file entry-v8.cif (mmCIF, C-alpha atoms and all ligand atoms)
data_model
loop_
_atom_site.label_atom_id
_atom_site.label_comp_id
_atom_site.auth_asym_id
_atom_site.auth_seq_id
_atom_site.Cartn_x
_atom_site.Cartn_y
_atom_site.Cartn_z
CA THR A 1 40.27 57.12 -0.82
CA GLN A 2 42.96 55.17 -2.66
CA SER A 3 41.71 52.78 -5.35
CA THR A 4 42.88 49.18 -5.53
CA ARG A 5 44.64 47.61 -8.51
CA PRO A 6 41.58 45.51 -9.41
CA GLN A 7 39.44 48.68 -9.30
CA ARG A 8 41.89 50.41 -11.67
CA ILE A 9 41.78 47.38 -14.01
CA LEU A 10 37.96 47.56 -14.05
CA GLY A 11 38.26 51.29 -14.82
CA ALA A 12 40.50 50.54 -17.79
CA VAL A 13 37.90 48.07 -19.10
CA GLN A 14 35.01 50.54 -18.68
CA GLN A 15 37.01 53.31 -20.38
CA ASN A 16 38.58 51.35 -23.25
CA ALA A 17 36.52 48.24 -23.97
CA THR A 18 33.24 47.95 -25.88
CA ARG A 19 30.32 46.53 -23.87
CA GLY A 20 29.48 43.03 -25.10
CA ASP A 21 32.82 42.58 -26.86
CA PRO A 22 34.89 40.09 -24.82
CA ARG A 23 38.03 40.39 -26.94
CA SER A 24 38.05 44.20 -26.44
CA VAL A 25 37.87 43.55 -22.66
CA VAL A 26 40.89 41.22 -22.89
CA ARG A 27 42.77 43.77 -25.02
CA ALA A 28 41.96 46.65 -22.63
CA ILE A 29 43.31 44.74 -19.61
CA ASP A 30 46.46 43.66 -21.46
CA GLN A 31 47.15 47.23 -22.62
CA TYR A 32 46.63 48.59 -19.10
CA CYS A 33 48.81 45.95 -17.41
CA ARG A 34 51.56 46.17 -20.03
CA ASN A 35 51.69 49.99 -20.10
CA GLN A 36 50.44 51.19 -16.69
CA GLU A 37 50.78 48.58 -13.96
CA TRP A 38 51.59 44.87 -13.91
CA ALA A 39 48.92 42.47 -12.64
CA MET A 40 48.75 38.69 -12.34
CA ASN A 41 46.53 37.99 -15.36
CA VAL A 42 47.63 35.08 -17.53
CA GLY A 43 48.28 37.81 -20.13
CA ASP A 44 48.44 38.00 -23.91
CA GLU A 45 51.40 35.69 -24.65
CA LYS A 46 50.33 32.75 -22.46
CA GLY A 47 46.75 33.73 -23.34
CA CYS A 48 47.33 32.66 -26.94
CA ILE A 49 48.40 29.20 -25.71
CA LEU A 50 45.31 29.13 -23.46
CA ASP A 51 43.15 30.03 -26.49
CA SER A 52 44.60 27.19 -28.56
CA VAL A 53 44.03 24.61 -25.82
CA VAL A 54 40.43 25.82 -25.25
CA SER A 55 39.73 25.66 -28.98
CA GLU A 56 41.26 22.18 -29.24
CA VAL A 57 39.31 20.80 -26.24
CA ASN A 58 36.11 22.65 -27.23
CA PRO A 59 34.79 22.02 -23.69
CA ALA A 60 31.15 21.88 -22.61
CA THR A 61 32.15 22.28 -18.94
CA VAL A 62 35.09 24.33 -17.65
CA LEU A 63 36.32 24.93 -14.09
CA GLU A 64 38.65 27.87 -13.36
CA LEU A 65 40.45 28.01 -10.00
CA GLY A 66 41.23 31.62 -9.08
CA THR A 67 39.18 34.27 -10.88
CA TYR A 68 41.08 37.38 -9.73
CA CYS A 69 39.74 40.15 -12.05
CA GLY A 70 38.19 37.76 -14.56
CA TYR A 71 40.72 38.21 -17.39
CA SER A 72 41.15 34.50 -18.17
CA THR A 73 37.50 33.86 -17.28
CA VAL A 74 36.41 36.20 -20.10
CA ARG A 75 39.17 34.98 -22.42
CA ILE A 76 38.11 31.33 -22.05
CA ALA A 77 34.35 31.99 -22.12
CA SER A 78 34.65 34.04 -25.32
CA LEU A 79 35.76 30.84 -27.10
CA LEU A 80 33.14 28.43 -25.70
CA PRO A 81 30.44 26.84 -27.86
CA PRO A 82 26.81 27.97 -27.28
CA HIS A 83 25.54 25.91 -24.35
CA ALA A 84 28.91 25.47 -22.65
CA LYS A 85 29.34 26.58 -19.03
CA LEU A 86 32.34 27.93 -17.10
CA ILE A 87 32.40 27.82 -13.28
CA THR A 88 35.06 30.04 -11.70
CA LEU A 89 35.99 29.97 -8.00
CA GLU A 90 37.24 33.03 -6.10
CA PHE A 91 37.53 33.37 -2.33
CA ASN A 92 38.41 37.08 -2.10
CA PRO A 93 35.10 39.02 -2.05
CA GLU A 94 36.73 42.26 -3.27
CA PHE A 95 38.18 40.50 -6.32
CA ALA A 96 34.83 38.76 -6.91
CA VAL A 97 33.02 42.11 -6.98
CA ILE A 98 35.43 43.40 -9.66
CA ALA A 99 35.38 40.18 -11.68
CA ARG A 100 31.56 40.17 -11.83
CA GLN A 101 31.65 43.66 -13.36
CA VAL A 102 34.35 42.69 -15.88
CA ILE A 103 32.32 39.60 -16.85
CA ALA A 104 29.17 41.75 -17.19
CA TRP A 105 31.00 44.32 -19.35
CA ALA A 106 32.00 41.47 -21.67
CA GLY A 107 28.36 40.32 -21.77
CA LEU A 108 29.26 36.78 -20.70
CA GLU A 109 27.09 36.40 -17.58
CA ASP A 110 25.10 33.58 -19.22
CA LYS A 111 28.18 31.40 -19.77
CA ILE A 112 30.00 32.12 -16.52
CA GLN A 113 29.07 31.21 -12.95
CA LEU A 114 31.38 32.92 -10.43
CA VAL A 115 31.17 31.14 -7.07
CA GLU A 116 32.66 32.83 -4.00
CA GLY A 117 34.56 30.53 -1.69
CA ALA A 118 37.65 28.37 -1.29
CA SER A 119 38.31 25.64 -3.86
CA GLY A 120 38.92 23.09 -1.10
CA ASP A 121 35.40 23.67 0.22
CA LEU A 122 33.61 24.08 -3.12
CA ILE A 123 35.10 21.25 -5.22
CA PRO A 124 33.36 18.55 -3.11
CA LYS A 125 30.04 20.36 -3.68
CA MET A 126 30.32 20.66 -7.46
CA LYS A 127 28.12 17.65 -8.29
CA GLU A 128 25.29 18.16 -5.81
CA GLN A 129 25.16 21.99 -5.74
CA PHE A 130 26.11 22.92 -9.29
CA GLY A 131 24.84 19.90 -11.18
CA VAL A 132 28.25 19.12 -12.65
CA GLU A 133 29.10 15.58 -13.81
CA THR A 134 32.73 16.02 -14.90
CA PHE A 135 34.86 18.89 -16.21
CA ASP A 136 36.24 18.75 -19.75
CA LEU A 137 38.79 21.46 -18.95
CA VAL A 138 40.22 22.85 -15.68
CA PHE A 139 42.35 26.05 -15.65
CA LEU A 140 44.50 26.26 -12.50
CA ASP A 141 45.65 29.79 -11.66
CA HIS A 142 45.07 30.21 -7.91
CA TRP A 143 47.56 29.90 -5.01
CA LYS A 144 50.32 27.73 -6.37
CA ASP A 145 50.45 25.41 -3.34
CA ARG A 146 46.81 24.51 -3.95
CA TYR A 147 47.29 23.07 -7.45
CA LEU A 148 48.26 19.57 -6.25
CA PRO A 149 45.80 19.15 -3.35
CA ASP A 150 42.93 20.43 -5.49
CA THR A 151 43.86 18.12 -8.37
CA LYS A 152 43.80 15.13 -5.99
CA LEU A 153 40.49 16.41 -4.59
CA MET A 154 38.95 16.66 -8.09
CA GLU A 155 40.02 13.06 -8.77
CA GLU A 156 38.54 11.87 -5.44
CA CYS A 157 35.26 13.70 -6.15
CA GLY A 158 34.97 12.03 -9.57
CA LEU A 159 35.10 15.36 -11.39
CA LEU A 160 37.67 14.19 -13.96
CA ARG A 161 36.91 11.71 -16.73
CA LYS A 162 39.18 9.96 -19.26
CA GLY A 163 40.36 12.83 -21.46
CA SER A 164 39.74 15.71 -19.03
CA VAL A 165 42.40 18.38 -19.57
CA LEU A 166 44.13 20.29 -16.75
CA LEU A 167 45.89 23.48 -17.85
CA ALA A 168 48.10 25.03 -15.16
CA ASP A 169 49.52 28.57 -15.22
CA ASN A 170 52.86 29.59 -13.63
CA VAL A 171 54.50 26.18 -13.48
CA ILE A 172 57.91 27.93 -13.73
CA CYS A 173 57.25 31.39 -12.21
CA PRO A 174 56.24 31.59 -9.39
CA GLY A 175 56.45 27.81 -9.85
CA THR A 176 54.46 24.78 -8.73
CA PRO A 177 57.16 22.12 -8.18
CA GLU A 178 55.10 19.51 -6.31
CA TYR A 179 52.25 19.75 -8.86
CA LEU A 180 54.65 19.51 -11.81
CA GLU A 181 56.45 16.50 -10.32
CA PHE A 182 53.09 14.80 -9.72
CA VAL A 183 51.51 15.24 -13.17
CA ARG A 184 54.77 14.47 -14.98
CA SER A 185 55.49 11.25 -13.05
CA SER A 186 51.96 9.89 -12.52
CA PRO A 187 50.92 7.16 -15.01
CA ARG A 188 47.41 8.62 -14.86
CA TYR A 189 48.38 11.86 -16.66
CA GLU A 190 49.93 12.66 -20.04
CA SER A 191 51.66 16.04 -19.61
CA GLN A 192 53.06 18.61 -22.02
CA TYR A 193 54.91 21.86 -21.22
CA PHE A 194 54.23 25.02 -23.25
CA LYS A 195 57.20 27.36 -22.79
CA SER A 196 56.33 31.05 -22.66
CA HIS A 197 56.98 34.13 -20.51
CA LEU A 198 55.55 35.54 -17.29
CA GLU A 199 52.75 37.93 -18.24
CA TYR A 200 53.98 41.31 -19.54
CA THR A 201 57.66 40.43 -18.87
CA LYS A 202 60.63 38.60 -20.43
CA VAL A 203 60.94 36.20 -17.49
CA GLU A 204 60.46 32.54 -18.41
CA ASP A 205 57.18 30.91 -17.41
CA GLY A 206 54.90 28.36 -19.03
CA LEU A 207 51.69 26.37 -18.99
CA GLU A 208 51.51 22.65 -18.30
CA LYS A 209 48.75 20.74 -20.09
CA SER A 210 47.92 17.41 -18.43
CA VAL A 211 45.37 14.96 -19.84
CA PHE A 212 43.75 12.69 -17.24
CA LEU A 213 43.92 9.11 -18.55
CA GLY A 214 41.22 7.73 -16.21
N1 LIG B 1 41.90 28.11 -2.78
C1 LIG B 1 41.36 29.13 -3.46
N2 LIG B 1 40.05 29.15 -3.75
C2 LIG B 1 39.53 30.18 -4.45
N3 LIG B 1 40.24 31.25 -4.87
C3 LIG B 1 41.54 31.27 -4.56
C4 LIG B 1 42.17 30.23 -3.86
N4 LIG B 1 43.47 30.52 -3.74
C5 LIG B 1 43.66 31.72 -4.32
N5 LIG B 1 42.49 32.18 -4.82
C6 LIG B 1 42.31 33.40 -5.61
O1 LIG B 1 43.02 33.21 -6.82
C7 LIG B 1 43.85 34.33 -7.09
C8 LIG B 1 45.26 33.99 -6.74
C9 LIG B 1 46.16 33.82 -7.68
C10 LIG B 1 47.57 33.49 -7.32
N6 LIG B 1 48.40 33.79 -8.46
C11 LIG B 1 49.66 34.15 -8.27
O2 LIG B 1 50.16 34.20 -7.15
C12 LIG B 1 50.46 34.56 -9.45
C13 LIG B 1 51.64 35.23 -9.23
C14 LIG B 1 52.42 35.65 -10.31
N7 LIG B 1 53.64 36.33 -10.04
O3 LIG B 1 53.96 36.56 -8.84
O4 LIG B 1 54.38 36.66 -11.00
C15 LIG B 1 52.01 35.43 -11.63
C16 LIG B 1 50.81 34.75 -11.85
O5 LIG B 1 50.36 34.50 -13.11
C17 LIG B 1 50.03 34.31 -10.78
O6 LIG B 1 48.87 33.62 -11.05
C18 LIG B 1 43.32 35.44 -6.19
O7 LIG B 1 42.23 36.08 -6.82
C19 LIG B 1 42.89 34.65 -4.97
O8 LIG B 1 41.93 35.33 -4.20
MG MG B 2 48.81 33.02 -13.10
#
call {"tool": "encode", "arguments": {"input": "entry-v8.cif", "output": "structure tokens"}}
result
Amino acid sequence: TQSTRPQRILGAVQQNATRGDPRSVVRAIDQYCRNQEWAMNVGDEKGCILDSVVSEVNPATVLELGTYCGYSTVRIASLLPPHAKLITLEFNPEFAVIARQVIAWAGLEDKIQLVEGASGDLIPKMKEQFGVETFDLVFLDHWKDRYLPDTKLMEECGLLRKGSVLLADNVICPGTPEYLEFVRSSPRYESQYFKSHLEYTKVEDGLEKSVFLG
């Protein structure tokens, strides 16, 4: 039977990456997606911007919206300090199965909690079910029309504190116009655009970093 793209990405990791070496997992996926078949990972160019923001924030608690195959999950978690935790939400069970194996290959199961379900349902449960107070960093990379409603939901659920950082992928391509308008015009956010390119291409894209001001 025909394999799926996420299955082929997992295969590339198992063939080319070293177990327990997160950066080799990131490198294996980037090489596969650049040379064999494109996939919607944040990628190596925007990934370097992601790395610099993670290192600057040095978060104890991270929320990722949209795991897909776990590329950015592993990339972020590989930079976290020892007792830090990353919760990643994924509602497609097939993608979740692949992502769990990619995370395991990287040896990062202790830092990452992959929760299956829709962000709109899970965000309101973060405090009671997952013992989260607030998130120091949120990486938004799921359906682009969910960025704004989920940001408002995180505010309503008290999951953001003064200084929490939202980092959003694809604000140019495919684009998140309503979200961008909101964070750039709201007095409660200080936003900054990091110009880059759509993963593995020369098309313009970028990340928007927005600090919640409380
Ligand atoms: N509400 C929700 N709760 C939980 N999981 C959810 C969710 N909505 C979507 N997801 C999951 O997040 C991923 C979707 C990503 C959409 N990205 C994209 O569509 C995308 C497209 C391009 N592109 O077309 O060039 C480039 C990119 O970097 C992209 O991230 C999928 O794994 C999907 O199952
Ligand atoms: Mg993306």
call {"tool": "closest_residue", "arguments": {"input": "entry-v8.cif", "among": "A:Phe95, A:Tyr68, A:Phe194, A:Tyr189", "to": "ligand MG 2 (chain B)", "atoms": "all atoms listed in the file"}}
result
A:Tyr68
call {"tool": "closest_atom_pairs", "arguments": {"input": "entry-v8.cif", "of": "chain A", "to": "ligand MG 2 (chain B)", "cutoff": "8 Å", "atoms": "all atoms listed in the file", "output": "JSON lines"}}
result
{"residue": "A:Met40", "atom": "CA", "partner": "B:MG2", "partner_atom": "MG", "distance": 5.7}
{"residue": "A:Asn41", "atom": "CA", "partner": "B:MG2", "partner_atom": "MG", "distance": 5.9}
{"residue": "A:Val42", "atom": "CA", "partner": "B:MG2", "partner_atom": "MG", "distance": 5.0}
{"residue": "A:Asp141", "atom": "CA", "partner": "B:MG2", "partner_atom": "MG", "distance": 4.7}
{"residue": "A:His142", "atom": "CA", "partner": "B:MG2", "partner_atom": "MG", "distance": 7.0}
{"residue": "A:Asp169", "atom": "CA", "partner": "B:MG2", "partner_atom": "MG", "distance": 5.0}
{"residue": "A:Asn170", "atom": "CA", "partner": "B:MG2", "partner_atom": "MG", "distance": 5.3}
call {"tool": "closest_residue", "arguments": {"input": "entry-v8.cif", "among": "A:Pro81, A:Pro177, A:Gly131, A:Gly120", "to": "ligand LIG 1 (chain B)", "atoms": "all atoms listed in the file"}}
result
A:Gly120
call {"tool": "residues_around", "arguments": {"input": "entry-v8.cif", "residues": "A:Gln192", "least_positions_apart": "2", "cutoff": "8 Å", "atoms": "all atoms listed in the file", "output": "number ranges by chain"}}
result
A: 190, 194, 208-210
call {"tool": "residues_around", "arguments": {"input": "entry-v8.cif", "residues": "A:Val53", "least_positions_apart": "2", "cutoff": "10 Å", "atoms": "only C-alpha atoms", "output": "list in words"}}
result
Gly47, Cys48, Ile49, Leu50, Asp51, Ser55, Glu56, Val57, Asn58, Pro59, Ile76, Leu137, Val165, Leu167 and Lys209 of chain A
call {"tool": "residues_near_point", "arguments": {"input": "entry-v8.cif", "point": "(43.3, 33.5, -5.4)", "cutoff": "8 Å", "atoms": "all atoms listed in the file", "output": "PyMOL selection string"}}
result
chain A and resi 65-68+90-92+141-143
call {"tool": "residues_around", "arguments": {"input": "entry-v8.cif", "residues": "stretch 6-15 of chain A", "least_positions_apart": "2", "cutoff": "8 Å", "atoms": "only C-alpha atoms", "output": "tab-separated table (two decimals) with C-alpha atoms, keeping the file's coordinate frame"}}
result
chain	number	residue	atom	x	y	z
A	3	SER	CA	41.71	52.78	-5.35
A	4	THR	CA	42.88	49.18	-5.53
A	17	ALA	CA	36.52	48.24	-23.97
A	18	THR	CA	33.24	47.95	-25.88
A	25	VAL	CA	37.87	43.55	-22.66
A	28	ALA	CA	41.96	46.65	-22.63
A	29	ILE	CA	43.31	44.74	-19.61
A	32	TYR	CA	46.63	48.59	-19.10
A	33	CYS	CA	48.81	45.95	-17.41
A	69	CYS	CA	39.74	40.15	-12.05
A	95	PHE	CA	38.18	40.50	-6.32
A	98	ILE	CA	35.43	43.40	-9.66
A	101	GLN	CA	31.65	43.66	-13.36
A	102	VAL	CA	34.35	42.69	-15.88
A	105	TRP	CA	31.00	44.32	-19.35
call {"tool": "closest_residue", "arguments": {"input": "entry-v8.cif", "among": "A:Glu45, A:Asp121, A:Glu155, A:Glu204", "to": "A:Val138", "atoms": "only C-alpha atoms"}}
result
A:Glu155
call {"tool": "residues_around", "arguments": {"input": "entry-v8.cif", "residues": "A:Gly214", "least_positions_apart": "4", "cutoff": "8 Å", "atoms": "only C-alpha atoms", "output": "PyMOL selection string"}}
result
chain A and resi 160-163+188
call {"tool": "axis_aligned_box", "arguments": {"input": "entry-v8.cif", "around": "stretch 111-117 of chain A", "padding_each_side": "6 Å", "output": "lines of an AutoDock Vina configuration file"}}
result
center_x = 31.4
center_y = 31.7
center_z = -10.7
size_x = 18.4
size_y = 14.4
size_z = 30.1
call {"tool": "closest_residue", "arguments": {"input": "entry-v8.cif", "among": "A:Pro174, A:Pro124, A:Gly70, A:Pro187", "to": "ligand LIG 1 (chain B)", "atoms": "all atoms listed in the file"}}
result
A:Pro174
call {"tool": "closest_residue", "arguments": {"input": "entry-v8.cif", "among": "A:Ala96, A:Ala77, A:Val203, A:Leu213", "to": "A:Asp21", "atoms": "only C-alpha atoms"}}
result
A:Ala77
call {"tool": "closest_residue", "arguments": {"input": "entry-v8.cif", "among": "A:Asp30, A:Glu37, A:Glu116, A:Asp110", "to": "ligand LIG 1 (chain B)", "atoms": "all atoms listed in the file"}}
result
A:Glu116
call {"tool": "atom_distance", "arguments": {"input": "entry-v8.cif", "atom1": "atom N6 of ligand LIG 1 (chain B)", "atom2": "atom CA of A:Glu128"}}
result
28.0 Å
call {"tool": "residues_around", "arguments": {"input": "entry-v8.cif", "residues": "A:Phe130", "least_positions_apart": "5", "cutoff": "12 Å", "atoms": "all atoms listed in the file", "output": "mmCIF file with C-alpha atoms, keeping the file's coordinate frame"}}
result
data_model
loop_
_atom_site.group_PDB
_atom_site.id
_atom_site.type_symbol
_atom_site.label_atom_id
_atom_site.label_comp_id
_atom_site.auth_asym_id
_atom_site.auth_seq_id
_atom_site.Cartn_x
_atom_site.Cartn_y
_atom_site.Cartn_z
ATOM 1 C CA THR A 61 32.150 22.280 -18.940
ATOM 2 C CA LEU A 63 36.320 24.930 -14.090
ATOM 3 C CA LYS A 85 29.340 26.580 -19.030
ATOM 4 C CA LEU A 86 32.340 27.930 -17.100
ATOM 5 C CA ILE A 87 32.400 27.820 -13.280
ATOM 6 C CA THR A 88 35.060 30.040 -11.700
ATOM 7 C CA GLN A 113 29.070 31.210 -12.950
ATOM 8 C CA LEU A 114 31.380 32.920 -10.430
ATOM 9 C CA VAL A 115 31.170 31.140 -7.070
ATOM 10 C CA LEU A 122 33.610 24.080 -3.120
ATOM 11 C CA ILE A 123 35.100 21.250 -5.220
ATOM 12 C CA PRO A 124 33.360 18.550 -3.110
ATOM 13 C CA LYS A 125 30.040 20.360 -3.680
ATOM 14 C CA PHE A 135 34.860 18.890 -16.210
ATOM 15 C CA LEU A 159 35.100 15.360 -11.390
#
call {"tool": "atom_distance", "arguments": {"input": "entry-v8.cif", "atom1": "atom CA of A:Met154", "atom2": "atom CA of A:Asp205"}}
result
24.9 Å
call {"tool": "atom_distance", "arguments": {"input": "entry-v8.cif", "atom1": "atom CA of A:Val54", "atom2": "atom CA of A:Val132"}}
result
18.8 Å
call {"tool": "build_atoms", "arguments": {"input": "entry-v8.cif", "residues": "stretch 73-94 of chain A", "atoms": "N, CA, C and O atoms", "output": "mmCIF file, in the frame of the given file"}}
result
data_model
loop_
_atom_site.group_PDB
_atom_site.id
_atom_site.type_symbol
_atom_site.label_atom_id
_atom_site.label_comp_id
_atom_site.auth_asym_id
_atom_site.auth_seq_id
_atom_site.Cartn_x
_atom_site.Cartn_y
_atom_site.Cartn_z
ATOM 1 N N THR A 73 38.903 34.288 -17.279
ATOM 2 C CA THR A 73 37.500 33.860 -17.280
ATOM 3 C C THR A 73 36.830 34.313 -18.577
ATOM 4 O O THR A 73 36.206 33.532 -19.283
ATOM 5 N N VAL A 74 36.994 35.603 -18.886
ATOM 6 C CA VAL A 74 36.410 36.200 -20.100
ATOM 7 C C VAL A 74 37.095 35.633 -21.338
ATOM 8 O O VAL A 74 36.444 35.272 -22.322
ATOM 9 N N ARG A 75 38.421 35.473 -21.258
ATOM 10 C CA ARG A 75 39.170 34.980 -22.420
ATOM 11 C C ARG A 75 38.703 33.558 -22.804
ATOM 12 O O ARG A 75 38.453 33.266 -23.971
ATOM 13 N N ILE A 76 38.553 32.708 -21.800
ATOM 14 C CA ILE A 76 38.110 31.330 -22.050
ATOM 15 C C ILE A 76 36.652 31.326 -22.540
ATOM 16 O O ILE A 76 36.324 30.745 -23.573
ATOM 17 N N ALA A 77 35.784 32.026 -21.798
ATOM 18 C CA ALA A 77 34.350 31.990 -22.120
ATOM 19 C C ALA A 77 34.050 32.521 -23.507
ATOM 20 O O ALA A 77 33.103 32.066 -24.171
ATOM 21 N N SER A 78 34.888 33.452 -23.981
ATOM 22 C CA SER A 78 34.650 34.040 -25.320
ATOM 23 C C SER A 78 34.841 33.003 -26.427
ATOM 24 O O SER A 78 34.394 33.192 -27.552
ATOM 25 N N LEU A 79 35.467 31.867 -26.085
ATOM 26 C CA LEU A 79 35.760 30.840 -27.100
ATOM 27 C C LEU A 79 34.843 29.613 -26.959
ATOM 28 O O LEU A 79 34.985 28.652 -27.726
ATOM 29 N N LEU A 80 33.942 29.629 -25.964
ATOM 30 C CA LEU A 80 33.140 28.430 -25.700
ATOM 31 C C LEU A 80 31.981 28.295 -26.683
ATOM 32 O O LEU A 80 31.414 29.286 -27.127
ATOM 33 N N PRO A 81 31.595 27.055 -26.995
ATOM 34 C CA PRO A 81 30.440 26.840 -27.860
ATOM 35 C C PRO A 81 29.145 27.227 -27.161
ATOM 36 O O PRO A 81 29.165 27.427 -25.936
ATOM 37 N N PRO A 82 28.025 27.432 -27.925
ATOM 38 C CA PRO A 82 26.810 27.970 -27.280
ATOM 39 C C PRO A 82 26.385 27.289 -25.989
ATOM 40 O O PRO A 82 26.568 27.414 -25.133
ATOM 41 N N HIS A 83 26.086 26.329 -25.638
ATOM 42 C CA HIS A 83 25.540 25.910 -24.350
ATOM 43 C C HIS A 83 26.584 25.514 -23.305
ATOM 44 O O HIS A 83 26.255 24.980 -22.267
ATOM 45 N N ALA A 84 27.833 25.799 -23.582
ATOM 46 C CA ALA A 84 28.910 25.470 -22.650
ATOM 47 C C ALA A 84 28.848 26.371 -21.418
ATOM 48 O O ALA A 84 28.323 27.484 -21.482
ATOM 49 N N LYS A 85 29.373 25.835 -20.302
ATOM 50 C CA LYS A 85 29.340 26.580 -19.030
ATOM 51 C C LYS A 85 30.730 26.623 -18.409
ATOM 52 O O LYS A 85 31.465 25.624 -18.461
ATOM 53 N N LEU A 86 31.077 27.785 -17.812
ATOM 54 C CA LEU A 86 32.340 27.930 -17.100
ATOM 55 C C LEU A 86 32.020 28.289 -15.651
ATOM 56 O O LEU A 86 31.278 29.243 -15.407
ATOM 57 N N ILE A 87 32.526 27.503 -14.711
ATOM 58 C CA ILE A 87 32.400 27.820 -13.280
ATOM 59 C C ILE A 87 33.757 28.310 -12.814
ATOM 60 O O ILE A 87 34.778 27.666 -13.090
ATOM 61 N N THR A 88 33.797 29.491 -12.185
ATOM 62 C CA THR A 88 35.060 30.040 -11.700
ATOM 63 C C THR A 88 34.966 30.281 -10.199
ATOM 64 O O THR A 88 33.945 30.786 -9.726
ATOM 65 N N LEU A 89 35.997 29.869 -9.460
ATOM 66 C CA LEU A 89 35.990 29.970 -8.000
ATOM 67 C C LEU A 89 36.934 31.059 -7.533
ATOM 68 O O LEU A 89 38.077 31.140 -7.990
ATOM 69 N N GLU A 90 36.438 31.903 -6.607
ATOM 70 C CA GLU A 90 37.240 33.030 -6.100
ATOM 71 C C GLU A 90 36.878 33.239 -4.638
ATOM 72 O O GLU A 90 35.702 33.414 -4.310
ATOM 73 N N PHE A 91 37.915 33.226 -3.744
ATOM 74 C CA PHE A 91 37.530 33.370 -2.330
ATOM 75 C C PHE A 91 37.699 34.788 -1.805
ATOM 76 O O PHE A 91 37.275 35.071 -0.699
ATOM 77 N N ASN A 92 38.270 35.702 -2.577
ATOM 78 C CA ASN A 92 38.410 37.080 -2.100
ATOM 79 C C ASN A 92 37.215 37.902 -2.566
ATOM 80 O O ASN A 92 37.065 38.133 -3.776
ATOM 81 N N PRO A 93 36.336 38.324 -1.649
ATOM 82 C CA PRO A 93 35.100 39.020 -2.050
ATOM 83 C C PRO A 93 35.336 40.293 -2.846
ATOM 84 O O PRO A 93 34.566 40.619 -3.750
ATOM 85 N N GLU A 94 36.444 41.010 -2.543
ATOM 86 C CA GLU A 94 36.730 42.260 -3.270
ATOM 87 C C GLU A 94 37.051 41.945 -4.730
ATOM 88 O O GLU A 94 36.587 42.613 -5.651
#
